[in-house]
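Undergrad: Structure provided below as structure tokens; questions to follow.
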Amino acid sequence: MADLQTSAKAAGVTVKIIAPKLGGVVLADGSHLAADEKIDGAPSVLFDGVALVLSEDGAKLLTGEKAALDFVSDAYAHCKAIGHTKEALALLDKAGAQQDAFFVGLEKRVDDLISKLSTREWAREVKVKLPV
């Protein structure tokens with residue numbers, strides 16, 4: 001998470017922390033991460049891309065949360081870049097998001113996500129739009 005925030009800020013990207021509760025979350029190391037927004041109050045349509053930085057427990061929790069599923073499925077439907085930890089794959093799957101070139105595994109490719117924020121994965125439209 002720190003690498004992502006550092007790289008984003010160095011590239012001039014504004015980072016917002018979205019969490020299930022406005023109070024934030026407790027990280028795996030026991031530290032607290034404050035949230036800027038609550039997940040049901042900050043839809044993914046407001047952002048150029050999303051990064052799902054989740055633990056296994058966090059992913060399990062969010063797969064049962066309608067607001068989280070909407071957040072992810074909307075990001076996917078709007079052809080946005082989606083960065084993710086491997087633990088977040090369960091949430092992406094439950095939300096119906098099919099991996100493509102704009103899915104970025106954050107374990108090794110943080111800068112790839114940042115480079116995709118200024119555009120969209122237009123090839124995804126055929127998967128998410130009704131035929132005309």
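Chain lettering (A, B, ...) mirrors the order of the structure tokens, residue numbering begins at 1 for each chain separately, and ligand numbering begins at 1 in order of display.
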Dump as a tab-separated table the rows for residues of stretch 2-69 of chain A within 7 Å of stretch 93-115 of chain A: closest atom pair and distance in Å with one decimal, only C-alpha atoms counted, ordered by chain and rising residue number.
TA:
```
residue	atom	partner	partner_atom	distance
A:Leu4	CA	A:Val110	CA	5.9
A:Ser7	CA	A:Asp111	CA	7.0
A:Ala8	CA	A:Ile114	CA	6.5
A:Thr63	CA	A:Lys94	CA	6.5
A:Leu69	CA	A:Ala95	CA	5.1
```
Undergrad: Just N, CA and C atoms for this one: save the residues we selected as a PDB file, in the first residue's frame.
TA:
```pdb
ATOM      1  N   LEU A   4       2.314   1.942  -3.424  1.00  0.00           N
ATOM      2  CA  LEU A   4       1.299   2.475  -4.324  1.00  0.00           C
ATOM      3  C   LEU A   4       1.082   3.964  -4.054  1.00  0.00           C
ATOM      4  N   SER A   7       4.268   5.973  -5.185  1.00  0.00           N
ATOM      5  CA  SER A   7       4.372   6.061  -6.640  1.00  0.00           C
ATOM      6  C   SER A   7       3.293   6.972  -7.222  1.00  0.00           C
ATOM      7  N   ALA A   8       2.084   6.864  -6.701  1.00  0.00           N
ATOM      8  CA  ALA A   8       0.985   7.694  -7.192  1.00  0.00           C
ATOM      9  C   ALA A   8       1.274   9.171  -6.930  1.00  0.00           C
ATOM     10  N   THR A  63     -16.931  -9.354  -0.152  1.00  0.00           N
ATOM     11  CA  THR A  63     -17.718 -10.115  -1.134  1.00  0.00           C
ATOM     12  C   THR A  63     -19.172 -10.248  -0.700  1.00  0.00           C
ATOM     13  N   LEU A  69     -19.469  -4.657  -4.004  1.00  0.00           N
ATOM     14  CA  LEU A  69     -19.696  -5.302  -5.294  1.00  0.00           C
ATOM     15  C   LEU A  69     -20.074  -4.269  -6.350  1.00  0.00           C
TER      16      LEU A  69
END
```
Undergrad: My list of candidates is A:Ala68, A:Leu33, A:Leu54, A:Ala75. Which is closest to A:Glu87 when distances are computed with only C-alpha atoms?
TA: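 Looking at the shortest contact to A:Glu87, the residue is A:Leu54.
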Undergrad: Taking the DSSP assignment computed from this structure's backbone, write out as a ChimeraX atom specification all residues of chain A that belong to helix (DSSP H, G or I).
TA: /A:2-10,44-46,56-62,66-77,86-94,110-115,122-128
Undergrad: As a VMD selection string, which residues of chain A does DSSP assign to strand (DSSP E or B)?
TA: chain A and resid 18 to 19 25 to 26 32 to 33 37 to 38 49 to 52 81 to 84 103 to 105
Undergrad: The selected residues should be written to file as a PDB file, in the first residue's frame (atoms: C-alpha atoms).
TA:
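The resulting file, part_24.pdb, is shown below:
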```pdb
ATOM      1  CA  ILE A  18     -12.108   4.146   0.515  1.00  0.00           C
ATOM      2  CA  ALA A  19     -13.142   1.765   3.290  1.00  0.00           C
ATOM      3  CA  VAL A  25      -9.419  -0.093   8.721  1.00  0.00           C
ATOM      4  CA  VAL A  26      -6.903  -1.979  10.815  1.00  0.00           C
ATOM      5  CA  HIS A  32      -4.699   1.918  11.513  1.00  0.00           C
ATOM      6  CA  LEU A  33      -5.369   3.398   8.079  1.00  0.00           C
ATOM      7  CA  GLU A  37     -14.517   8.128   2.167  1.00  0.00           C
ATOM      8  CA  LYS A  38     -16.954   5.355   3.011  1.00  0.00           C
ATOM      9  CA  GLY A  49      -9.032   4.028 -11.596  1.00  0.00           C
ATOM     10  CA  VAL A  50      -9.226   1.881  -8.494  1.00  0.00           C
ATOM     11  CA  ALA A  51      -6.798  -0.191  -6.465  1.00  0.00           C
ATOM     12  CA  LEU A  52      -8.234  -3.028  -4.420  1.00  0.00           C
ATOM     13  CA  ALA A  81      -7.986   0.409 -14.661  1.00  0.00           C
ATOM     14  CA  ILE A  82      -8.302  -1.935 -11.692  1.00  0.00           C
ATOM     15  CA  GLY A  83      -5.246  -2.604  -9.585  1.00  0.00           C
ATOM     16  CA  HIS A  84      -5.549  -5.493  -7.169  1.00  0.00           C
ATOM     17  CA  PHE A 103      -6.258  -5.432 -14.523  1.00  0.00           C
ATOM     18  CA  VAL A 104      -2.972  -4.865 -12.756  1.00  0.00           C
ATOM     19  CA  GLY A 105      -1.541  -7.127 -10.084  1.00  0.00           C
TER      20      GLY A 105
END
```
Undergrad: What is the atom CA of A:Thr85-atom CA of A:Val53 distance in Å, reported with one decimal?
TA: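 Taking atom CA of A:Thr85 as the start and atom CA of A:Val53 as the end point, the length is 5.5 Å.
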Undergrad: Considering only C-alpha atoms, state which residue in the set A:Ala123, A:Leu61, A:Leu117, A:Leu89 is at the smallest distance from A:Thr14.
TA: A:Leu117
Undergrad: Between A:Leu22, A:Leu46, A:Leu91, A:Val13, which has the minimum distance to A:Lys66 (counting only C-alpha atoms)?
TA: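 Closest candidate: A:Leu91.
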Undergrad: One decimal, Å: what's the distance from atom CA of A:Lys129 over to atom CA of A:Lys80, could you say?
TA: 14.2 Å
Undergrad: From the options A:Ala59, A:Cys79, A:Ala10, A:Ala28, which residue's atoms come nearest to A:Leu92, counting only C-alpha atoms?
TA: A:Ala59
